[in-house]
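To be precise, the following lines are run_24.csv, and they hold CSV, C-alpha atoms.
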chain,number,residue,atom,x,y,z
A,1,MET,CA,-43.1,55.6,13.3
A,2,LYS,CA,-39.4,54.8,12.5
A,3,ARG,CA,-37.6,57.9,11.3
A,4,GLY,CA,-38.0,58.4,7.6
A,5,LEU,CA,-40.7,55.8,6.9
A,6,LYS,CA,-43.7,57.2,4.9
A,7,PHE,CA,-46.4,55.1,6.5
A,8,SER,CA,-47.2,54.2,10.1
A,9,PHE,CA,-46.7,50.5,9.7
A,10,GLY,CA,-48.1,48.5,12.7
A,11,GLY,CA,-50.1,51.6,13.7
A,12,GLU,CA,-52.4,52.6,10.8
A,13,LYS,CA,-53.7,49.6,9.1
A,14,ILE,CA,-52.8,48.9,5.5
A,15,ARG,CA,-55.9,48.6,3.3
A,16,GLY,CA,-54.8,48.0,-0.2
A,17,VAL,CA,-55.3,46.4,-3.6
A,18,ASN,CA,-52.8,44.8,-6.0
A,19,LEU,CA,-52.5,46.1,-9.5
A,20,GLY,CA,-52.3,42.6,-10.8
A,21,GLY,CA,-52.0,41.7,-14.5
A,22,TRP,CA,-50.7,45.1,-15.5
A,23,LEU,CA,-46.9,45.3,-15.7
A,24,VAL,CA,-46.7,41.5,-15.3
A,25,LEU,CA,-49.2,39.7,-17.5
A,26,GLU,CA,-51.4,36.9,-16.2
A,27,PRO,CA,-53.6,35.0,-18.6
A,28,TRP,CA,-56.6,34.7,-16.2
A,29,ILE,CA,-56.7,38.5,-15.4
A,30,THR,CA,-56.6,39.6,-19.1
A,31,PRO,CA,-57.5,36.6,-21.2
A,32,SER,CA,-58.2,38.9,-24.2
A,33,ILE,CA,-54.4,39.4,-24.6
A,34,PHE,CA,-53.9,35.6,-24.8
A,35,GLU,CA,-57.0,34.5,-26.7
A,36,ALA,CA,-55.5,35.8,-30.0
A,37,THR,CA,-52.4,33.7,-29.7
A,38,PRO,CA,-51.5,30.0,-30.1
A,39,ASP,CA,-52.1,27.6,-27.2
A,40,GLY,CA,-48.4,27.4,-26.4
A,41,VAL,CA,-48.5,31.1,-25.3
A,42,VAL,CA,-49.0,30.7,-21.5
A,43,ASP,CA,-47.2,33.7,-20.0
A,44,GLU,CA,-45.4,36.9,-20.8
A,45,TYR,CA,-42.2,35.1,-21.9
A,46,THR,CA,-43.9,32.9,-24.5
A,47,LEU,CA,-46.2,35.8,-25.6
A,48,THR,CA,-43.3,38.1,-26.4
A,49,LYS,CA,-41.2,35.2,-27.9
A,50,THR,CA,-44.1,34.1,-30.2
A,51,LEU,CA,-45.2,37.6,-31.3
A,52,GLY,CA,-41.7,39.0,-31.7
A,53,ALA,CA,-40.5,42.3,-30.3
A,54,ASP,CA,-42.4,44.8,-32.5
A,55,GLU,CA,-45.8,43.2,-32.3
A,56,ALA,CA,-45.4,42.4,-28.6
A,57,ARG,CA,-44.4,45.9,-27.8
A,58,ALA,CA,-47.4,47.3,-29.8
A,59,ARG,CA,-49.9,45.0,-27.9
A,60,LEU,CA,-48.3,45.6,-24.5
A,61,GLU,CA,-48.1,49.3,-25.0
A,62,GLN,CA,-51.9,49.3,-25.7
A,63,HIS,CA,-52.4,47.2,-22.5
A,64,TRP,CA,-50.1,49.2,-20.2
A,65,SER,CA,-51.6,52.6,-21.3
A,66,THR,CA,-55.2,51.5,-20.7
A,67,TRP,CA,-55.4,48.8,-18.0
A,68,ILE,CA,-54.4,51.1,-15.1
A,69,THR,CA,-54.5,54.9,-15.4
A,70,ALA,CA,-54.6,57.9,-13.1
A,71,ASN,CA,-58.4,57.5,-12.9
A,72,ASP,CA,-57.9,54.0,-11.4
A,73,MET,CA,-55.8,55.5,-8.6
A,74,SER,CA,-58.4,58.1,-7.7
A,75,GLU,CA,-61.1,55.5,-7.7
A,76,ILE,CA,-59.0,53.2,-5.5
A,77,ALA,CA,-58.6,56.1,-3.0
A,78,SER,CA,-62.3,56.8,-3.2
A,79,LYS,CA,-63.1,53.3,-2.0
A,80,GLY,CA,-61.3,53.9,1.3
A,81,LEU,CA,-58.0,52.3,0.4
A,82,ASN,CA,-54.6,53.7,1.3
A,83,PHE,CA,-52.1,51.4,-0.5
A,84,VAL,CA,-51.4,49.8,-3.8
A,85,ARG,CA,-49.0,46.9,-4.4
A,86,ILE,CA,-47.5,47.0,-7.9
A,87,PRO,CA,-46.0,43.8,-9.3
A,88,VAL,CA,-43.1,44.3,-11.7
A,89,GLY,CA,-40.8,41.8,-13.4
A,90,TYR,CA,-37.0,41.9,-13.4
A,91,TRP,CA,-37.1,42.2,-17.2
A,92,SER,CA,-38.7,45.6,-17.0
A,93,VAL,CA,-36.1,46.9,-14.5
A,94,THR,CA,-32.8,45.3,-15.5
A,95,PRO,CA,-33.4,43.4,-18.7
A,96,LEU,CA,-31.1,40.4,-19.6
A,97,SER,CA,-29.7,39.8,-23.0
A,98,GLY,CA,-31.3,36.8,-24.7
A,99,ASP,CA,-34.7,37.3,-23.1
A,100,PRO,CA,-37.6,37.9,-25.5
A,101,TYR,CA,-39.4,40.4,-23.1
A,102,VAL,CA,-40.0,43.9,-24.4
A,103,ASP,CA,-39.3,47.1,-22.5
A,104,GLY,CA,-41.6,49.9,-21.6
A,105,ALA,CA,-43.3,48.8,-18.4
A,106,TYR,CA,-40.8,50.7,-16.3
A,107,GLU,CA,-42.0,54.1,-17.5
A,108,TYR,CA,-45.6,53.1,-16.5
A,109,LEU,CA,-44.3,52.2,-13.0
A,110,ARG,CA,-42.8,55.6,-12.8
A,111,LYS,CA,-46.1,57.2,-13.9
A,112,ALA,CA,-48.0,55.1,-11.4
A,113,LEU,CA,-46.0,56.4,-8.5
A,114,ASP,CA,-47.0,60.0,-9.4
A,115,TRP,CA,-50.6,59.0,-9.9
A,116,ALA,CA,-50.6,57.3,-6.5
A,117,ASN,CA,-49.1,60.3,-4.9
A,118,SER,CA,-51.7,62.6,-6.4
A,119,SER,CA,-54.4,60.4,-4.8
A,120,ASN,CA,-52.6,60.1,-1.4
A,121,LEU,CA,-52.0,56.4,-1.9
A,122,LYS,CA,-48.8,54.7,-0.7
A,123,VAL,CA,-47.1,52.1,-2.9
A,124,MET,CA,-45.4,48.8,-2.3
A,125,ILE,CA,-43.2,48.0,-5.4
A,126,ASP,CA,-43.2,44.2,-5.6
A,127,LEU,CA,-40.5,42.3,-7.6
A,128,HIS,CA,-42.9,39.7,-8.9
A,129,GLY,CA,-40.6,37.8,-11.3
A,130,ALA,CA,-36.9,36.9,-10.9
A,131,PRO,CA,-34.5,35.5,-13.5
A,132,GLY,CA,-35.0,31.8,-14.0
A,133,SER,CA,-38.4,32.0,-12.2
A,134,GLN,CA,-38.6,31.6,-8.4
A,135,ASN,CA,-41.9,29.6,-8.5
A,136,GLY,CA,-42.5,28.2,-12.0
A,137,LEU,CA,-45.9,30.1,-12.1
A,138,ASP,CA,-47.1,32.2,-15.1
A,139,ASN,CA,-47.1,35.2,-12.7
A,140,SER,CA,-43.3,35.0,-12.5
A,141,GLY,CA,-43.2,35.8,-16.2
A,142,ARG,CA,-42.3,32.3,-17.2
A,143,ARG,CA,-44.3,29.1,-16.4
A,144,GLY,CA,-42.5,25.8,-15.9
A,145,ALA,CA,-39.1,25.1,-14.4
A,146,ILE,CA,-37.8,26.8,-11.3
A,147,GLU,CA,-34.3,27.9,-12.1
A,148,TRP,CA,-33.9,30.9,-9.8
A,149,THR,CA,-30.8,30.6,-7.5
A,150,GLN,CA,-28.9,28.9,-10.3
A,151,GLY,CA,-26.0,30.6,-12.1
A,152,ASP,CA,-26.0,34.4,-11.7
A,153,THR,CA,-29.8,34.7,-11.0
A,154,ILE,CA,-29.5,35.9,-7.4
A,155,ALA,CA,-27.0,38.5,-8.2
A,156,GLN,CA,-29.2,39.7,-11.1
A,157,THR,CA,-32.2,39.8,-8.7
A,158,LEU,CA,-30.2,42.0,-6.3
A,159,THR,CA,-29.2,44.3,-9.2
A,160,ALA,CA,-32.9,44.8,-10.1
A,161,LEU,CA,-33.7,45.6,-6.4
A,162,ASN,CA,-30.9,48.1,-6.2
A,163,LYS,CA,-32.1,49.8,-9.3
A,164,LEU,CA,-35.6,50.0,-7.9
A,165,ARG,CA,-34.1,51.5,-4.7
A,166,ASP,CA,-32.0,54.0,-6.5
A,167,ASP,CA,-34.8,55.2,-8.8
A,168,PHE,CA,-37.8,55.1,-6.5
A,169,ALA,CA,-37.0,54.6,-2.8
A,170,SER,CA,-37.0,58.4,-2.3
A,171,HIS,CA,-40.3,58.9,-4.1
A,172,PRO,CA,-42.9,60.3,-1.7
A,173,ALA,CA,-45.4,57.6,-2.6
A,174,VAL,CA,-43.1,54.6,-2.2
A,175,ALA,CA,-43.5,53.3,1.3
A,176,SER,CA,-42.2,49.7,0.7
A,177,ILE,CA,-40.2,47.6,-1.7
A,178,GLU,CA,-40.8,43.8,-1.7
A,179,LEU,CA,-37.7,41.7,-2.2
A,180,LEU,CA,-39.4,38.9,-4.1
A,181,ASN,CA,-42.9,37.5,-4.6
A,182,GLU,CA,-43.6,33.9,-3.6
A,183,PRO,CA,-40.3,32.0,-3.8
A,184,MET,CA,-41.4,28.4,-3.9
A,185,SER,CA,-39.7,26.9,-0.8
A,186,PRO,CA,-40.2,23.2,-1.5
A,187,ASN,CA,-38.1,23.6,-4.7
A,188,LEU,CA,-35.4,25.9,-3.3
A,189,ASN,CA,-32.6,25.7,-0.9
A,190,MET,CA,-33.9,27.9,1.9
A,191,ASP,CA,-30.5,28.7,3.2
A,192,THR,CA,-29.7,30.3,-0.2
A,193,VAL,CA,-33.1,32.1,-0.2
A,194,ARG,CA,-32.5,33.5,3.4
A,195,GLN,CA,-29.0,34.7,2.4
A,196,PHE,CA,-30.6,36.4,-0.7
A,197,MET,CA,-33.1,38.1,1.6
A,198,SER,CA,-30.4,39.1,4.1
A,199,ASP,CA,-28.4,40.7,1.3
A,200,GLY,CA,-31.5,42.4,-0.1
A,201,VAL,CA,-32.3,43.8,3.3
A,202,LYS,CA,-28.7,45.1,3.7
A,203,ASN,CA,-28.9,46.9,0.4
A,204,LEU,CA,-32.2,48.6,1.2
A,205,GLN,CA,-31.6,49.2,4.9
A,206,GLY,CA,-30.5,52.8,4.4
A,207,SER,CA,-33.6,53.8,2.4
A,208,ASN,CA,-36.8,55.3,3.8
A,209,VAL,CA,-38.9,52.2,2.9
A,210,ALA,CA,-40.3,49.2,4.7
A,211,ILE,CA,-38.5,46.1,3.4
A,212,ALA,CA,-41.2,43.5,2.6
A,213,PHE,CA,-40.4,39.9,2.2
A,214,HIS,CA,-42.7,36.9,1.4
A,215,ASP,CA,-42.9,34.0,3.8
A,216,ALA,CA,-42.0,31.6,0.9
A,217,PHE,CA,-45.0,29.4,1.9
A,218,LEU,CA,-43.2,28.3,5.1
A,219,GLY,CA,-45.8,29.8,7.5
A,220,ILE,CA,-45.7,32.9,9.6
A,221,GLY,CA,-43.9,31.6,12.7
A,222,SER,CA,-41.0,30.3,10.6
A,223,TRP,CA,-39.6,33.8,10.2
A,224,ASN,CA,-39.6,34.9,13.9
A,225,ASP,CA,-36.0,34.0,14.3
A,226,TRP,CA,-34.8,35.6,11.1
A,227,GLY,CA,-34.1,39.3,10.9
A,228,ALA,CA,-34.4,41.9,13.6
A,229,ALA,CA,-37.7,43.2,15.0
A,230,SER,CA,-39.6,45.6,12.7
A,231,ALA,CA,-39.2,48.6,14.9
A,232,SER,CA,-35.5,48.6,14.3
A,233,SER,CA,-35.3,46.8,10.9
A,234,SER,CA,-38.4,48.1,9.1
A,235,LEU,CA,-39.1,44.5,8.0
A,236,LEU,CA,-42.6,43.7,6.8
A,237,LEU,CA,-43.6,40.0,6.5
A,238,ASP,CA,-46.0,39.3,3.6
A,239,THR,CA,-48.1,36.2,3.7
A,240,HIS,CA,-50.6,35.2,1.0
A,241,HIS,CA,-53.7,33.4,2.0
A,242,TYR,CA,-55.8,31.6,-0.5
A,243,GLU,CA,-58.3,28.8,0.1
A,244,VAL,CA,-58.9,27.7,-3.5
A,245,PHE,CA,-55.8,25.8,-4.6
A,246,ASP,CA,-56.5,22.7,-2.5
A,247,ASN,CA,-59.3,20.1,-3.0
A,248,GLY,CA,-59.9,19.8,0.7
A,249,GLN,CA,-60.3,23.6,1.2
A,250,LEU,CA,-62.6,23.9,-1.8
A,251,GLN,CA,-65.0,21.5,-0.1
A,252,MET,CA,-65.3,23.6,3.0
A,253,ASN,CA,-68.5,25.5,3.6
A,254,VAL,CA,-68.4,29.3,4.1
A,255,ASP,CA,-68.5,29.1,7.9
A,256,ALA,CA,-65.5,26.8,7.8
A,257,HIS,CA,-63.7,29.3,5.5
A,258,ILE,CA,-64.5,32.1,7.9
A,259,GLY,CA,-63.2,30.2,10.9
A,260,SER,CA,-60.1,29.4,9.0
A,261,VAL,CA,-59.2,33.0,8.1
A,262,CYS,CA,-60.1,34.3,11.5
A,263,ASP,CA,-57.6,31.8,12.9
A,264,TYR,CA,-55.1,32.9,10.3
A,265,GLY,CA,-55.4,36.5,11.5
A,266,ASN,CA,-54.6,35.4,15.0
A,267,GLN,CA,-51.5,33.7,13.7
A,268,MET,CA,-50.5,36.8,11.8
A,269,ALA,CA,-50.9,38.9,15.0
A,270,SER,CA,-48.6,36.6,16.9
A,271,SER,CA,-45.7,37.3,14.5
A,272,ASN,CA,-42.8,39.4,15.9
A,273,LYS,CA,-42.7,41.5,12.7
A,274,TRP,CA,-45.2,43.8,11.1
A,275,THR,CA,-47.3,41.3,9.1
A,276,ILE,CA,-49.7,41.7,6.3
A,277,SER,CA,-51.7,39.5,4.0
A,278,GLY,CA,-50.3,41.0,0.8
A,279,GLU,CA,-52.6,38.9,-1.4
A,280,PHE,CA,-56.0,37.5,-0.6
A,281,THR,CA,-59.3,37.3,-2.5
A,282,GLY,CA,-63.0,36.9,-2.3
A,283,ALA,CA,-62.9,33.6,-4.3
A,284,LEU,CA,-64.3,30.5,-2.8
A,285,THR,CA,-63.6,28.5,-6.0
A,286,ASP,CA,-60.8,28.2,-8.5
A,287,CYS,CA,-63.3,28.7,-11.3
A,288,ALA,CA,-61.9,31.8,-13.0
A,289,ARG,CA,-60.8,30.6,-16.4
A,290,TRP,CA,-57.0,30.0,-16.6
A,291,LEU,CA,-56.6,30.8,-12.9
A,292,ASN,CA,-54.5,27.6,-12.7
A,293,GLY,CA,-52.7,28.4,-16.0
A,294,ARG,CA,-53.8,28.7,-19.6
A,295,GLY,CA,-55.3,25.4,-20.8
A,296,VAL,CA,-55.6,24.1,-17.2
A,297,GLY,CA,-59.1,23.6,-15.8
A,298,ALA,CA,-60.5,24.1,-12.4
A,299,ARG,CA,-60.4,21.8,-9.4
A,300,TYR,CA,-63.9,22.9,-8.4
A,301,ASP,CA,-65.7,21.5,-11.4
A,302,GLY,CA,-63.4,18.6,-11.9
A,303,THR,CA,-61.7,19.8,-15.1
A,304,PHE,CA,-58.3,20.4,-13.5
A,305,ASN,CA,-55.5,18.4,-15.2
A,306,TYR,CA,-51.9,19.5,-15.0
A,307,ASN,CA,-48.6,17.7,-14.5
A,308,GLY,CA,-50.3,14.4,-13.7
A,309,LYS,CA,-52.6,15.9,-11.1
A,310,SER,CA,-56.4,15.8,-11.6
A,311,SER,CA,-59.5,16.7,-9.6
A,312,SER,CA,-63.1,15.6,-9.0
A,313,TYR,CA,-66.3,17.6,-9.3
A,314,ILE,CA,-67.4,19.7,-6.3
A,315,GLY,CA,-69.7,22.2,-8.0
A,316,SER,CA,-70.5,24.1,-11.1
A,317,CYS,CA,-68.4,27.1,-12.3
A,318,ASP,CA,-71.4,28.7,-14.2
A,319,GLY,CA,-71.3,32.5,-14.0
A,320,LYS,CA,-67.7,32.6,-12.6
A,321,SER,CA,-65.7,31.4,-15.6
A,322,PRO,CA,-66.1,33.9,-17.3
A,323,GLY,CA,-68.6,36.0,-15.4
A,324,SER,CA,-69.3,39.3,-13.6
A,325,ALA,CA,-70.1,40.2,-10.1
A,326,ASP,CA,-73.7,41.3,-10.9
A,327,ARG,CA,-74.4,37.8,-12.3
A,328,LEU,CA,-73.5,35.9,-9.1
A,329,SER,CA,-76.3,34.3,-7.3
A,330,GLU,CA,-77.6,35.8,-4.0
A,331,THR,CA,-76.1,33.0,-2.0
A,332,GLU,CA,-72.7,33.4,-3.7
A,333,ARG,CA,-72.8,37.2,-3.2
A,334,ASP,CA,-73.6,36.7,0.5
A,335,ASN,CA,-70.9,34.1,1.0
A,336,ILE,CA,-68.2,36.1,-0.8
A,337,ALA,CA,-69.2,39.2,1.2
A,338,ARG,CA,-68.9,37.4,4.5
A,339,PHE,CA,-65.6,35.8,3.5
A,340,ILE,CA,-64.0,39.1,2.5
A,341,ASN,CA,-65.4,40.9,5.6
A,342,ALA,CA,-63.9,38.2,7.8
A,343,GLN,CA,-60.5,38.4,6.1
A,344,MET,CA,-60.3,42.2,6.4
A,345,VAL,CA,-61.1,42.0,10.1
A,346,ALA,CA,-58.8,39.1,10.7
A,347,TYR,CA,-55.8,40.6,8.9
A,348,GLU,CA,-56.3,43.9,10.7
A,349,LYS,CA,-55.4,42.0,13.9
A,350,ALA,CA,-52.0,42.3,12.4
A,351,ALA,CA,-50.8,45.2,10.1
A,352,GLY,CA,-53.4,44.9,7.4
A,353,TRP,CA,-54.2,43.6,3.9
A,354,ILE,CA,-53.8,44.0,0.2
A,355,PHE,CA,-56.6,42.4,-1.9
A,356,TRP,CA,-55.7,40.5,-5.1
A,357,THR,CA,-56.7,42.2,-7.4
A,358,TRP,CA,-58.0,45.6,-8.3
A,359,LYS,CA,-59.7,44.5,-11.6
A,360,THR,CA,-60.1,41.6,-14.0
A,361,GLU,CA,-61.7,41.2,-17.3
A,362,SER,CA,-64.1,38.4,-16.3
A,363,ALA,CA,-63.2,36.8,-12.9
A,364,PRO,CA,-65.8,38.3,-10.6
A,365,GLU,CA,-64.6,36.6,-7.3
A,366,TRP,CA,-61.3,38.4,-7.8
A,367,SER,CA,-62.1,42.0,-8.8
A,368,PHE,CA,-62.1,44.4,-5.9
A,369,ARG,CA,-63.5,47.1,-8.1
A,370,ASP,CA,-66.5,45.0,-9.3
A,371,LEU,CA,-67.1,43.5,-5.8
A,372,ALA,CA,-67.2,47.0,-4.3
A,373,ASN,CA,-69.4,48.5,-7.0
A,374,THR,CA,-72.0,45.8,-6.6
A,375,GLY,CA,-72.0,46.1,-2.8
A,376,ILE,CA,-70.3,42.8,-2.0
A,377,ILE,CA,-67.4,44.6,-0.5
A,378,PRO,CA,-68.7,47.0,2.1
A,379,GLN,CA,-68.6,50.7,1.1
A,380,PRO,CA,-67.5,52.6,3.1
A,381,LEU,CA,-65.1,50.0,4.5
A,382,THR,CA,-65.8,51.3,8.0
A,383,SER,CA,-69.3,49.6,7.7
A,384,MET,CA,-67.8,46.1,7.8
A,385,ASN,CA,-68.9,43.9,10.6
A,386,THR,CA,-66.0,43.9,13.0
A,387,ALA,CA,-67.5,41.2,15.2
A,388,ILE,CA,-67.4,38.5,12.5
A,389,CYS,CA,-64.4,36.8,14.0
A,390,GLY,CA,-65.9,36.8,17.5
Could you spell out this file's structure in structure tokens?
Amino acid sequence: MKRGLKFSFGGEKIRGVNLGGWLVLEPWITPSIFEATPDGVVDEYTLTKTLGADEARARLEQHWSTWITANDMSEIASKGLNFVRIPVGYWSVTPLSGDPYVDGAYEYLRKALDWANSSNLKVMIDLHGAPGSQNGLDNSGRRGAIEWTQGDTIAQTLTALNKLRDDFASHPAVASIELLNEPMSPNLNMDTVRQFMSDGVKNLQGSNVAIAFHDAFLGIGSWNDWGAASASSSLLLDTHHYEVFDNGQLQMNVDAHIGSVCDYGNQMASSNKWTISGEFTGALTDCARWLNGRGVGARYDGTFNYNGKSSSYIGSCDGKSPGSADRLSETERDNIARFINAQMVAYEKAAGWIFWTWKTESAPEWSFRDLANTGIIPQPLTSMNTAICG
């Protein structure tokens, strides 16, 4: 283990969950927060702008103080996990004047690190939203245009990362800081993005944390020539593998999905850097209500219609939108169980995995907690079928 790191990356496998929808809102994870608002409220930006600071702060404080608590951390540890990835938006770290966002989430991040430490969990702090939005998705804080890299946005992003470093890199639970979640490479100048990443690495290099970076949807091999080997650089490549945002993948049967993820694990293992799947799921459909955005339907049942793109019916979303794990059919339970098992085994060919997400209000294919409590995710984790990828 590199001197000073708090986890044996590349040795001990990362087995984690994301604390999604907590410090960065996502309508599909906690629809109850959005249901009581006008249709134009589609993300944290429009929520806070529409409600105004006082009302937004009251509702968010209620959410922050209840959605994740110290009890969640101890339950996460009890399920055999050793890591949590905590998404946070720049606005909670280094707010910008003119933004409607309200403050308060940063103190919950601070508490979460202590809760994690008490439960012997390590933490990856993940900068999930950058000024201007790096991907135009609601999970960046602001859905719509991709304006990150314009104006001062990169400098502002580096300022946020430096504050996270200064405040938390020496915390005993913080084993990694992620430079930026899911920059959308087709819409960005990748030379600019790589320079941002190089600058971010330089700023964090002296800290006792692994420096995580997302593959920007370019594929694992495209980063082999960038950055030094992990043993000397502490670089951790994060790739997110989903098979539900593409009509072709949605039509695959479960055996094809399993073959696909087993192959993906082989690709991850061939990277010259420590590589994890920092987001993956049990979902075999995109049925979870508002998964594709508030007011946007699902490809799976043919109701998807967004920005001129539509879909055609593959199957029914009954019981999954909304739903609960105990209401899934026997076939669905078995397919999801095999799909998750295969992914865990596949990604442990590399440095490990972090499931998206720990809990949801009503999206059963996505809630680690519900899937484990209903026996779909093996408990203990050591009982998984390690031969599933052959």
(request) Check the smallest atom-to-atom distance from each of A:Asn335, A:Thr69, A:Ser97, A:Asn117 to Asp255 in chain A using all atoms listed in the file, then report the winner. (result)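 When distances to Asp255 in chain A are compared using all atoms listed in the file, the smallest one comes from A:Asn335.
With all atoms listed in the file as the basis for measurement, A:Lys13 is the residue among A:Lys13, A:Lys359, A:His171, A:Lys163 that approaches Phe83 in chain A most closely.
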(request) Compare A:Asn139, A:Ser198, A:Asn208, A:Thr48 by their minimum atom-to-atom distance to Asp103 in chain A, counting only C-alpha atoms, and give me the closest one. (result) A:Thr48
Could you make a table, as a tab-separated table, of the residues of range 101-162 of chain A that have an atom within 12 Å of an atom of range 294-304 of chain A, each with its nearest atom pair and distance in Å to one decimal, counting all atoms listed in the file, in chain and number order?
residue	atom	partner	partner_atom	distance
A:Leu137	CA	A:Arg294	CA	11.0
A:Asp138	CA	A:Arg294	CA	8.8
A:Asn139	CA	A:Arg294	CA	11.6
A:Arg143	CA	A:Arg294	CA	10.0
(request) For Gly104 in chain A, please output as JSON, numbers by chain all residues within 10 Å (counting only C-alpha atoms; exclusion window: fewer than 3 positions along the same chain). (result) {"A": [23, 57, 60, 61, 64, 91, 92, 93, 101, 107, 108, 109]}
(request) Give the answer as one residue: which of A:Thr275, A:Ser260, A:Ser230, A:Gln251 has the shortest atom-to-atom distance to Ser311 in chain A, using all atoms listed in the file? (result) A:Gln251
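The residue set within 10 Å of Thr30 in chain A, counting all atoms listed in the file and dropping same-chain residues fewer than 2 places from it, reads Gly20, Gly21, Trp22, Leu25, Glu26, Pro27, Trp28, Ser32, Ile33, Phe34, Glu35, His63, Trp67, Trp290, Lys359, Thr360, Glu361, Ser362 and Ala363 of chain A.
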(request) Give the answer as one residue: which of A:Val209, A:Leu96, A:Ile276, A:Val102 has the shortest atom-to-atom distance to Gln156 in chain A, using all atoms listed in the file? (result) A:Leu96
(message) For a test of reading the model, state the distance in Å between CA of Ser119 in chain A and CA of Gly206 in chain A, rounded to one decimal.
(response)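 Here the two named atoms are 26.7 Å from each other.
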(request) Please provide the set of residues having any atom within 7 Å of Arg85 in chain A, restricted to only C-alpha atoms, with same-chain residues fewer than 4 positions apart removed, written as a list in words. (result)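 The contact residues come out as Val17, Asn18, Leu19, Val123, Met124, Ile125 and Asp126 of chain A.
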(request) Just give me the gap between CA of Met197 in chain A and CA of Glu44 in chain A in Å, one decimal is fine. (result)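 Atom-to-atom, CA of Met197 in chain A and CA of Glu44 in chain A are spaced 25.6 Å apart.
When only C-alpha atoms are used to measure the gap to Phe355 in chain A, the shortest distance among A:Glu279, A:Asp326, A:Asp225, A:Glu332 belongs to A:Glu279.
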(message) I'd like the interatomic distance between CA of Lys273 in chain A and CA of Arg194 in chain A, to a tenth of an Å.
(response)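 Straight-line distance from CA of Lys273 in chain A to CA of Arg194 in chain A works out to 16.0 Å.
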For the interface of range 231-337 of chain A with range 173-187 of chain A (cut-off 12 Å, counting all atoms listed in the file), please tabulate each contacting residue of range 231-337 of chain A alongside its nearest pair of atoms and their separation in Å to one decimal, rows sorted by chain and increasing number, as JSON lines.
{"residue": "A:Ser234", "atom": "CA", "partner": "A:Ser176", "partner_atom": "CA", "distance": 9.4}
{"residue": "A:Leu235", "atom": "CA", "partner": "A:Ser176", "partner_atom": "CA", "distance": 9.5}
{"residue": "A:Leu236", "atom": "CA", "partner": "A:Ser176", "partner_atom": "CA", "distance": 8.6}
{"residue": "A:Leu237", "atom": "CA", "partner": "A:Glu178", "partner_atom": "CA", "distance": 9.5}
{"residue": "A:Asp238", "atom": "CA", "partner": "A:Glu178", "partner_atom": "CA", "distance": 8.7}
{"residue": "A:Thr239", "atom": "CA", "partner": "A:Glu182", "partner_atom": "CA", "distance": 8.9}
{"residue": "A:His240", "atom": "CA", "partner": "A:Glu182", "partner_atom": "CA", "distance": 8.5}
{"residue": "A:His241", "atom": "CA", "partner": "A:Glu182", "partner_atom": "CA", "distance": 11.6}
{"residue": "A:Gly278", "atom": "CA", "partner": "A:Asn181", "partner_atom": "CA", "distance": 9.8}
{"residue": "A:Glu279", "atom": "CA", "partner": "A:Asn181", "partner_atom": "CA", "distance": 10.3}
(message) Residues within 9 Å of range 383-387 of chain A, please, as a list in words. Count all atoms listed in the file; anything in the same chain fewer than 2 positions from it doesn't count.
(response) Arg338, Asn341, Ala342, Met344, Val345, Ala346, Ile377, Pro378, Gln379, Pro380, Leu381, Cys389 and Gly390 of chain A
(message) Would you pick out the contacts of Gly10 in chain A at 12 Å or less, using only C-alpha atoms, so that residues sharing its chain but fewer than 2 positions from it are not included, and give the list as a ChimeraX atom specification?
(response) /A:1-2,5,7-8,12-14,210,229-231,234-237,268-269,271-276,347-353
Those residues with C-alpha atoms, as a CSV table (one decimal), in the coordinates of the input please?
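New file again-v6.csv:
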chain,number,residue,atom,x,y,z
A,1,MET,CA,-43.1,55.6,13.3
A,2,LYS,CA,-39.4,54.8,12.5
A,5,LEU,CA,-40.7,55.8,6.9
A,7,PHE,CA,-46.4,55.1,6.5
A,8,SER,CA,-47.2,54.2,10.1
A,12,GLU,CA,-52.4,52.6,10.8
A,13,LYS,CA,-53.7,49.6,9.1
A,14,ILE,CA,-52.8,48.9,5.5
A,210,ALA,CA,-40.3,49.2,4.7
A,229,ALA,CA,-37.7,43.2,15.0
A,230,SER,CA,-39.6,45.6,12.7
A,231,ALA,CA,-39.2,48.6,14.9
A,234,SER,CA,-38.4,48.1,9.1
A,235,LEU,CA,-39.1,44.5,8.0
A,236,LEU,CA,-42.6,43.7,6.8
A,237,LEU,CA,-43.6,40.0,6.5
A,268,MET,CA,-50.5,36.8,11.8
A,269,ALA,CA,-50.9,38.9,15.0
A,271,SER,CA,-45.7,37.3,14.5
A,272,ASN,CA,-42.8,39.4,15.9
A,273,LYS,CA,-42.7,41.5,12.7
A,274,TRP,CA,-45.2,43.8,11.1
A,275,THR,CA,-47.3,41.3,9.1
A,276,ILE,CA,-49.7,41.7,6.3
A,347,TYR,CA,-55.8,40.6,8.9
A,348,GLU,CA,-56.3,43.9,10.7
A,349,LYS,CA,-55.4,42.0,13.9
A,350,ALA,CA,-52.0,42.3,12.4
A,351,ALA,CA,-50.8,45.2,10.1
A,352,GLY,CA,-53.4,44.9,7.4
A,353,TRP,CA,-54.2,43.6,3.9
